[in-house]
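Participant: Here you go, this is structure-v2.txt (compact mmCIF, C-alpha atoms).
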```txt
# COMPACT_ATOMS: atom_id res chain seq x y z
CA MET A 1 15.63 -0.91 -6.37
CA THR A 2 14.36 -2.04 -9.77
CA THR A 3 10.90 -1.42 -11.15
CA THR A 4 8.81 -3.45 -13.56
CA ALA A 5 7.44 -0.97 -16.12
CA LEU A 6 3.69 -1.49 -16.36
CA PRO A 7 1.17 0.52 -18.38
CA GLY A 8 -0.13 3.23 -16.05
CA ALA A 9 2.63 2.63 -13.48
CA GLU A 10 3.87 6.19 -14.03
CA ARG A 11 0.79 7.29 -12.02
CA ILE A 12 2.24 5.56 -8.93
CA SER A 13 5.16 7.13 -7.11
CA ALA A 14 8.41 5.21 -6.76
CA PRO A 15 8.80 3.74 -3.25
CA VAL A 16 10.92 5.64 -0.76
CA HIS A 17 13.24 3.81 1.65
CA ALA A 18 12.55 5.31 5.08
CA ALA A 19 15.28 4.07 7.40
CA GLY A 20 13.84 5.54 10.60
CA PRO A 21 12.42 8.89 11.74
CA ASP A 22 15.18 10.87 9.98
CA ALA A 23 14.33 9.52 6.52
CA PRO A 24 14.13 11.85 3.48
CA TRP A 25 10.47 12.69 4.08
CA HIS A 26 10.58 15.49 1.50
CA ARG A 27 10.48 12.73 -1.12
CA VAL A 28 7.12 11.59 0.28
CA ARG A 29 5.79 15.16 0.11
CA ASP A 30 7.09 15.51 -3.46
CA ALA A 31 5.42 12.21 -4.44
CA MET A 32 2.09 13.36 -3.03
CA ASP A 33 2.36 16.66 -4.88
CA ARG A 34 3.22 14.97 -8.18
CA HIS A 35 1.19 11.74 -8.11
CA GLY A 36 -1.34 12.10 -5.31
CA ASN A 37 0.13 8.98 -3.67
CA ALA A 38 3.28 7.84 -1.92
CA VAL A 39 4.79 4.49 -0.97
CA VAL A 40 7.38 3.88 1.75
CA HIS A 41 9.29 0.73 2.66
CA THR A 42 11.53 0.02 5.61
CA THR A 43 12.54 -2.68 8.09
CA TRP A 44 11.41 -2.89 11.66
CA GLY A 45 15.04 -2.99 12.82
CA GLU A 46 15.63 0.46 11.35
CA TRP A 47 12.94 1.81 13.69
CA LEU A 48 14.01 -0.16 16.76
CA THR A 49 16.00 2.68 18.33
CA ALA A 50 13.04 5.04 18.02
CA ALA A 51 10.73 2.39 19.47
CA VAL A 52 12.97 1.83 22.48
CA THR A 53 14.34 5.28 23.29
CA ASP A 54 11.92 7.94 21.99
CA PRO A 55 10.50 9.73 25.07
CA ALA A 56 7.51 10.82 22.97
CA LEU A 57 6.54 7.24 22.07
CA ARG A 58 3.27 7.31 24.02
CA PRO A 59 1.79 10.38 22.26
CA LEU A 60 3.13 9.08 18.95
CA LEU A 61 1.28 5.78 19.33
CA GLY A 62 -1.90 7.37 20.64
CA HIS A 63 -4.63 4.74 20.94
CA ASP A 64 -2.11 2.01 20.03
CA TRP A 65 -0.15 2.62 23.24
CA GLN A 66 -2.19 0.19 25.34
CA ARG A 67 -1.93 -2.57 22.73
CA TYR A 68 1.82 -1.99 22.60
CA ARG A 69 2.11 -2.25 26.39
CA ARG A 70 -0.05 -5.41 26.56
CA THR A 71 2.03 -7.30 23.98
CA GLN A 72 4.32 -9.61 25.93
CA ASP A 73 6.57 -11.00 23.19
CA PRO A 74 9.30 -8.37 22.63
CA THR A 75 9.78 -9.22 18.94
CA ILE A 76 6.07 -8.88 18.20
CA ARG A 77 5.86 -5.75 20.34
CA TYR A 78 8.67 -3.92 18.56
CA ARG A 79 7.55 -5.01 15.10
CA PHE A 80 4.10 -3.66 15.96
CA VAL A 81 5.41 -0.31 17.12
CA ALA A 82 7.77 -0.01 14.14
CA SER A 83 4.93 -0.53 11.67
CA ARG A 84 2.77 2.08 13.42
CA LEU A 85 5.58 4.61 13.61
CA ALA A 86 6.41 4.09 9.93
CA THR A 87 2.74 4.58 9.05
CA LYS A 88 2.35 7.73 11.12
CA TYR A 89 5.59 9.32 9.90
CA THR A 90 4.65 8.55 6.29
CA ALA A 91 1.19 10.06 6.68
CA ALA A 92 2.59 13.06 8.54
CA ALA A 93 5.08 13.76 5.76
CA ALA A 94 2.38 13.41 3.10
CA LEU A 95 0.03 15.74 5.01
CA ARG A 96 2.67 18.19 6.23
CA THR A 97 1.95 17.76 9.91
CA ALA A 98 3.49 16.14 12.98
CA PRO A 99 3.06 12.35 13.48
CA ALA A 100 1.54 12.82 16.95
CA GLU A 101 -1.17 15.05 15.44
CA LEU A 102 -2.63 12.12 13.48
CA ASP A 103 -5.06 9.60 14.97
CA LEU A 104 -4.53 6.15 13.47
CA ALA A 105 -7.62 3.95 13.76
CA TYR A 106 -8.73 0.63 12.28
CA LYS A 107 -11.67 -0.62 10.27
CA ILE A 108 -13.23 -4.06 10.70
CA GLY A 109 -10.58 -6.48 9.46
CA GLY A 110 -7.72 -4.31 10.72
CA ARG A 111 -7.22 -1.90 7.80
CA PRO A 112 -5.78 1.37 9.14
CA TYR A 113 -7.25 4.79 8.44
CA LEU A 114 -6.68 8.36 9.59
CA ARG A 115 -9.54 9.48 11.77
CA GLY A 116 -11.10 12.70 10.47
CA LEU A 117 -9.29 12.54 7.11
CA ASP A 118 -11.68 10.46 5.01
CA GLN A 119 -10.20 11.65 1.71
CA ILE A 120 -6.89 9.97 2.56
CA ASP A 121 -6.50 6.20 2.09
CA VAL A 122 -3.79 4.19 3.85
CA SER A 123 -2.47 0.66 3.32
CA LEU A 124 0.00 -1.21 5.52
CA THR A 125 1.70 -4.55 4.90
CA HIS A 126 4.65 -6.46 6.35
CA THR A 127 6.48 -9.74 5.91
CA ASP A 128 9.63 -11.01 7.62
CA ASP A 129 11.41 -7.81 8.68
CA VAL A 130 10.01 -5.57 5.91
CA ILE A 131 7.23 -2.99 6.28
CA ALA A 132 5.53 -1.11 3.43
CA VAL A 133 3.08 1.78 3.69
CA GLY A 134 0.98 3.32 0.92
CA ILE A 135 -0.99 6.56 1.13
CA SER A 136 -3.22 8.24 -1.47
CA ARG A 137 -5.49 11.26 -1.82
CA ASN A 138 -6.89 10.17 -5.22
CA GLY A 139 -8.69 6.98 -4.20
CA ARG A 140 -7.99 3.55 -2.77
CA ILE A 141 -4.45 2.18 -2.44
CA GLY A 142 -3.14 -1.28 -1.58
CA VAL A 143 0.41 -2.56 -1.04
CA ASP A 144 1.82 -6.06 -0.67
CA VAL A 145 5.38 -7.27 -0.13
CA GLU A 146 6.79 -10.79 -0.39
CA PRO A 147 10.31 -12.29 -0.41
CA ALA A 148 11.39 -12.39 -4.06
CA GLY A 149 12.83 -15.85 -3.49
CA ARG A 150 9.62 -17.29 -2.06
CA HIS A 151 8.82 -20.50 -3.92
CA MET A 152 5.21 -20.84 -5.01
CA SER A 153 4.27 -24.25 -6.37
CA TYR A 154 2.44 -23.80 -9.63
CA GLU A 155 0.98 -27.30 -9.40
CA LEU A 156 -0.44 -26.74 -5.92
CA LEU A 157 -1.65 -23.17 -6.25
CA HIS A 158 -2.69 -22.43 -9.83
CA ASN A 159 -6.31 -23.51 -9.29
CA HIS A 160 -6.58 -21.23 -6.25
CA VAL A 161 -4.80 -18.14 -7.60
CA LEU A 162 -5.24 -17.95 -11.38
CA THR A 163 -8.14 -17.37 -13.74
CA LEU A 164 -8.50 -19.67 -16.72
CA ALA A 165 -6.97 -16.99 -18.94
CA GLU A 166 -3.98 -16.60 -16.61
CA LYS A 167 -3.45 -20.36 -16.43
CA ALA A 168 -3.41 -20.55 -20.21
CA GLU A 169 -0.85 -17.72 -20.29
CA LEU A 170 1.44 -19.28 -17.68
CA GLU A 171 1.26 -22.72 -19.23
CA ARG A 172 2.79 -21.29 -22.38
CA LEU A 173 5.86 -20.38 -20.33
CA PRO A 174 8.78 -22.73 -19.62
CA GLU A 175 8.03 -24.61 -16.40
CA ARG A 176 10.96 -23.03 -14.55
CA GLU A 177 9.54 -19.51 -15.14
CA ARG A 178 6.07 -20.20 -13.77
CA PRO A 179 6.75 -19.85 -10.00
CA ALA A 180 8.24 -16.34 -10.40
CA ARG A 181 5.32 -15.20 -12.57
CA LEU A 182 2.88 -16.74 -10.10
CA LEU A 183 4.52 -14.86 -7.22
CA ARG A 184 4.28 -11.56 -9.08
CA LEU A 185 0.61 -12.15 -9.83
CA TRP A 186 0.06 -13.08 -6.17
CA THR A 187 1.51 -9.75 -4.96
CA LEU A 188 -0.55 -7.79 -7.50
CA LYS A 189 -3.73 -9.59 -6.46
CA GLU A 190 -2.95 -9.05 -2.78
CA ALA A 191 -2.36 -5.34 -3.39
CA TYR A 192 -5.59 -5.01 -5.38
CA THR A 193 -7.78 -6.82 -2.84
CA LYS A 194 -6.20 -4.85 0.00
CA ALA A 195 -7.05 -1.64 -1.86
CA LEU A 196 -10.65 -2.87 -2.01
CA GLY A 197 -10.54 -3.67 1.71
CA GLN A 198 -11.16 -7.38 1.03
CA GLY A 199 -7.77 -9.05 1.44
CA LEU A 200 -7.94 -12.83 1.05
CA ARG A 201 -11.74 -12.73 1.39
CA LEU A 202 -11.98 -12.06 -2.36
CA ASP A 203 -11.39 -15.17 -4.47
CA PHE A 204 -8.23 -14.64 -6.54
CA THR A 205 -9.74 -16.63 -9.42
CA GLU A 206 -12.48 -14.00 -9.82
CA PHE A 207 -10.16 -11.44 -11.43
CA GLY A 208 -6.91 -11.49 -13.34
CA PHE A 209 -4.17 -9.44 -14.96
CA THR A 210 -2.67 -9.09 -18.40
CA ALA A 211 0.64 -10.84 -19.01
CA ASP A 212 2.55 -7.64 -18.19
CA GLY A 213 0.53 -7.18 -14.98
CA GLY A 214 -0.62 -3.72 -15.97
CA HIS A 215 -4.34 -4.19 -16.64
CA LEU A 216 -7.18 -5.75 -14.68
CA LEU A 217 -9.14 -8.54 -16.39
CA ALA A 218 -12.35 -10.46 -15.84
CA PRO A 219 -11.98 -14.25 -15.39
CA CYS A 220 -12.65 -14.77 -19.12
CA GLY A 221 -9.75 -12.48 -20.01
CA ARG A 222 -11.74 -9.40 -21.04
CA PRO A 223 -10.83 -5.95 -19.67
CA ALA A 224 -12.42 -5.34 -16.25
CA ALA A 225 -11.49 -1.68 -15.81
CA HIS A 226 -11.27 1.47 -17.92
CA GLY A 227 -8.03 3.06 -16.78
CA GLU A 228 -9.10 3.94 -13.25
CA TRP A 229 -6.67 1.39 -11.77
CA ALA A 230 -2.88 1.55 -11.99
CA PHE A 231 -0.41 -1.12 -10.83
CA ALA A 232 3.34 -1.25 -10.22
CA THR A 233 5.81 -3.87 -9.04
CA HIS A 234 9.21 -3.06 -7.54
CA HIS A 235 12.21 -5.09 -6.39
CA ILE A 236 13.32 -3.53 -3.10
CA LEU A 237 16.19 -4.07 -0.67
CA GLY A 238 17.65 -6.59 -3.10
CA ARG A 239 15.42 -9.44 -2.02
CA TYR A 240 11.74 -8.41 -1.83
CA LEU A 241 8.92 -7.87 -4.30
CA LEU A 242 6.62 -4.91 -3.60
CA SER A 243 3.40 -4.45 -5.58
CA VAL A 244 1.11 -1.42 -5.46
CA ALA A 245 -2.48 -0.97 -6.65
CA CYS A 246 -3.88 2.56 -6.95
CA HIS A 247 -7.42 3.59 -7.82
CA ASP A 248 -8.25 7.02 -9.20
CA THR A 249 -11.83 8.03 -8.42
CA GLY A 250 -11.83 10.64 -11.16
CA LEU A 251 -13.17 13.19 -8.72
CA ALA A 252 -11.47 16.48 -7.99
CA THR A 253 -9.12 16.11 -5.05
CA SER A 254 -7.49 18.76 -2.96
CA HIS A 255 -4.04 19.85 -4.08
CA ASP A 256 -3.51 21.15 -0.57
CA THR A 257 -2.38 18.07 1.35
CA ALA A 258 -1.72 19.84 4.63
CA ALA A 259 -3.79 18.08 7.27
CA HIS A 260 -4.99 21.31 8.90
CA THR A 261 -6.21 23.02 5.72
CA MET A 262 -7.07 20.24 3.26
CA LEU A 263 -10.53 20.59 1.74
CA ASP A 264 -12.04 18.94 -1.32
CA GLU A 265 -12.58 21.72 -3.87
CA GLY A 266 -15.42 19.81 -5.56
CA PHE A 267 -17.26 19.44 -2.26
CA LEU A 268 -16.78 23.13 -1.49
CA GLY A 269 -18.19 24.09 -4.89
CA ALA A 270 -21.26 21.86 -4.40
CA VAL A 271 -21.95 23.39 -0.99
CA THR A 272 -21.56 26.91 -2.42
CA GLU A 273 -24.12 26.19 -5.14
CA LEU A 274 -26.68 25.12 -2.52
CA LEU A 275 -26.27 28.28 -0.47
CA PRO A 276 -28.83 31.11 -1.15
```
Now that the file is in, can you turn its structure into structure tokens?
Facilitator:
Amino acid sequence: MTTTALPGAERISAPVHAAGPDAPWHRVRDAMDRHGNAVVHTTWGEWLTAAVTDPALRPLLGHDWQRYRRTQDPTIRYRFVASRLATKYTAAAALRTAPAELDLAYKIGGRPYLRGLDQIDVSLTHTDDVIAVGISRNGRIGVDVEPAGRHMSYELLHNHVLTLAEKAELERLPERERPARLLRLWTLKEAYTKALGQGLRLDFTEFGFTADGGHLLAPCGRPAAHGEWAFATHHILGRYLLSVACHDTGLATSHDTAAHTMLDEGFLGAVTELLP
């Protein structure tokens, strides 16, 4: 795995390769302790054995069990279950609990969340055979993954993806370098809009990034944030590009990430002040 060093990227944990239920989940716990967020990537094939043979699959899937059973196409069915297992195991490691103890639910538009744990934000993405999961206790998180070799036509897409400032920046590059830069910007914009819960509903020409991809910009090229957002891009599995967007609310968050005991210290203090 290689990482593109972006300003502020040190606030985002390095992605962990989770090749099935026996992955090094302590690295996810360590990432949550150190950064307040964690990112996991895997392939659905690495979870296939667990999806087929685990006798506890039904309690693990919870409310997703019926959707799993109704899906007729076996490839779609097992990719679905692999993504849900990867999400639950990641969240369980981050929150120091068992995967079956967590209730994965979905907002309008399909974004997953952990029922009863509103302080925790979750993002899930997949392409081809790759799955990526992001989890944060500091604010919103978004992840996006694309094949690093995916060709994006600059001529066809620049008016739909880039701000005027970004177009001016890319047009100063040699023509052969533009598709790769466009792809990187695409993954960053996908990650950011997913963190906002908007996905492709937010026009990509309404916001941009600096040339290094580390800072959010308004369409005119002026700064659009004040350090509350951090971004990172990683090359994973030798052939994929993974981008992460993390928002820090600036509010006090619980350093206790165990699901059964986690409580926002700031909220507790506010309640205490109101008590006689």
Participant: When you look at segment 165-181 of chain A with a cut-off of 8 Å (counting all atoms listed in the file), what residues show up, excluding the ones that are within fewer than 2 positions of it in the same chain? I need them as a list in words.
Facilitator: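 In the requested format, the answer is His151, Met152, Ser153, Tyr154, His158, Leu162, Thr163, Leu183, Arg184, Leu185, Gly208, Phe209, Thr210, Ala211, Pro219, Cys220 and Gly221 of chain A.
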Participant: Restrict the calculation to all atoms listed in the file, then for each residue of segment 157-207 of chain A with any atom at most 8 Å from an atom of segment 130-143 of chain A give the closest atom pair and their distance in Å to one decimal, rows by chain and rising residue number, as JSON lines.
Facilitator:
```
{"residue": "A:Glu190", "atom": "CA", "partner": "A:Val143", "partner_atom": "CA", "distance": 7.5}
{"residue": "A:Ala191", "atom": "CA", "partner": "A:Gly142", "partner_atom": "CA", "distance": 4.5}
{"residue": "A:Tyr192", "atom": "CA", "partner": "A:Gly142", "partner_atom": "CA", "distance": 5.9}
{"residue": "A:Thr193", "atom": "CA", "partner": "A:Gly142", "partner_atom": "CA", "distance": 7.3}
{"residue": "A:Lys194", "atom": "CA", "partner": "A:Gly142", "partner_atom": "CA", "distance": 5.0}
{"residue": "A:Ala195", "atom": "CA", "partner": "A:Gly142", "partner_atom": "CA", "distance": 3.9}
{"residue": "A:Leu196", "atom": "CA", "partner": "A:Arg140", "partner_atom": "CA", "distance": 7.0}
```
Participant: Can you write out as a Markdown table which residues of segment 67-88 of chain A fall within 9 Å of segment 40-44 of chain A, alongside each residue's closest atom pair and its distance in Å to one decimal, counting all atoms listed in the file and ordering rows by chain and ascending residue number?
Facilitator:
```
| residue | atom | partner | partner_atom | distance |
| --- | --- | --- | --- | --- |
| A:Tyr78 | CA | A:Trp44 | CA | 7.5 |
| A:Arg79 | CA | A:Trp44 | CA | 5.6 |
| A:Phe80 | CA | A:Trp44 | CA | 8.5 |
| A:Val81 | CA | A:Trp44 | CA | 8.5 |
| A:Ala82 | CA | A:Trp44 | CA | 5.3 |
| A:Ser83 | CA | A:Trp44 | CA | 6.9 |
| A:Ala86 | CA | A:Thr42 | CA | 7.8 |
| A:Thr87 | CA | A:Val40 | CA | 8.7 |
```
Participant: May I ask which of the residues A:Met32, A:Val39, A:Leu102, A:Ile76 is the closest one to His17 of chain A, counting only C-alpha atoms?
Facilitator: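 Looking only at the distances to His17 of chain A, the closest residue turns out to be A:Val39.
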Participant: Just the number, please: distance in Å from atom CA of Arg27 of chain A to atom CA of Gly149 of chain A, one decimal.
Facilitator: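 These two atoms are separated by 28.8 Å.
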Participant: Would you compute the distance between atom CA of Ala92 of chain A and atom CA of Leu124 of chain A? Give it in Å to one decimal.
Facilitator: 14.8 Å
Participant: Pick the closest to Ala56 of chain A from A:Asp121, A:Ala100, A:Asp22, A:Pro74: which is it, counting only C-alpha atoms?
Facilitator: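 Looking at the shortest contact to Ala56 of chain A, the residue is A:Ala100.
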Participant: Between A:Leu202, A:Leu241, A:Ala232, A:Leu216, which residue has the minimum interatomic distance to Ser13 of chain A, considering only C-alpha atoms?
Facilitator: A:Ala232
Participant: Atom CA of Lys107 of chain A and atom CA of Gly214 of chain A are how many Å apart?
Facilitator: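 Result for atom CA of Lys107 of chain A versus atom CA of Gly214 of chain A: 28.6 Å, one decimal.
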Participant: Might you pull out every residue within 9 Å of Pro147 of chain A, with all atoms listed in the file counted and same-chain residues fewer than 5 positions away left off, and present them as a list in words?
Facilitator: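 The neighbour list is Thr127, Asp128, Arg239, Tyr240, Leu241 and Leu242 of chain A.
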Participant: For Leu117 of chain A, which of A:His35, A:Asp64, A:Leu217, A:Leu95 is the closest residue, counting all atoms listed in the file?
Facilitator: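 Of A:His35, A:Asp64, A:Leu217, A:Leu95, the one nearest Leu117 of chain A is A:Leu95, counting all atoms listed in the file.
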Participant: Which one is closest to His215 of chain A: A:Lys189, A:Arg115, A:Arg201, A:Lys88? Count only C-alpha atoms.
Facilitator: A:Lys189
Participant: Nearest to Ala245 of chain A among A:Glu46, A:Glu10, A:Asp144, A:Asp103, with distances taken over all atoms listed in the file: which residue is it?
Facilitator: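 Counting all atoms listed in the file, the residue closest to Ala245 of chain A is A:Asp144.
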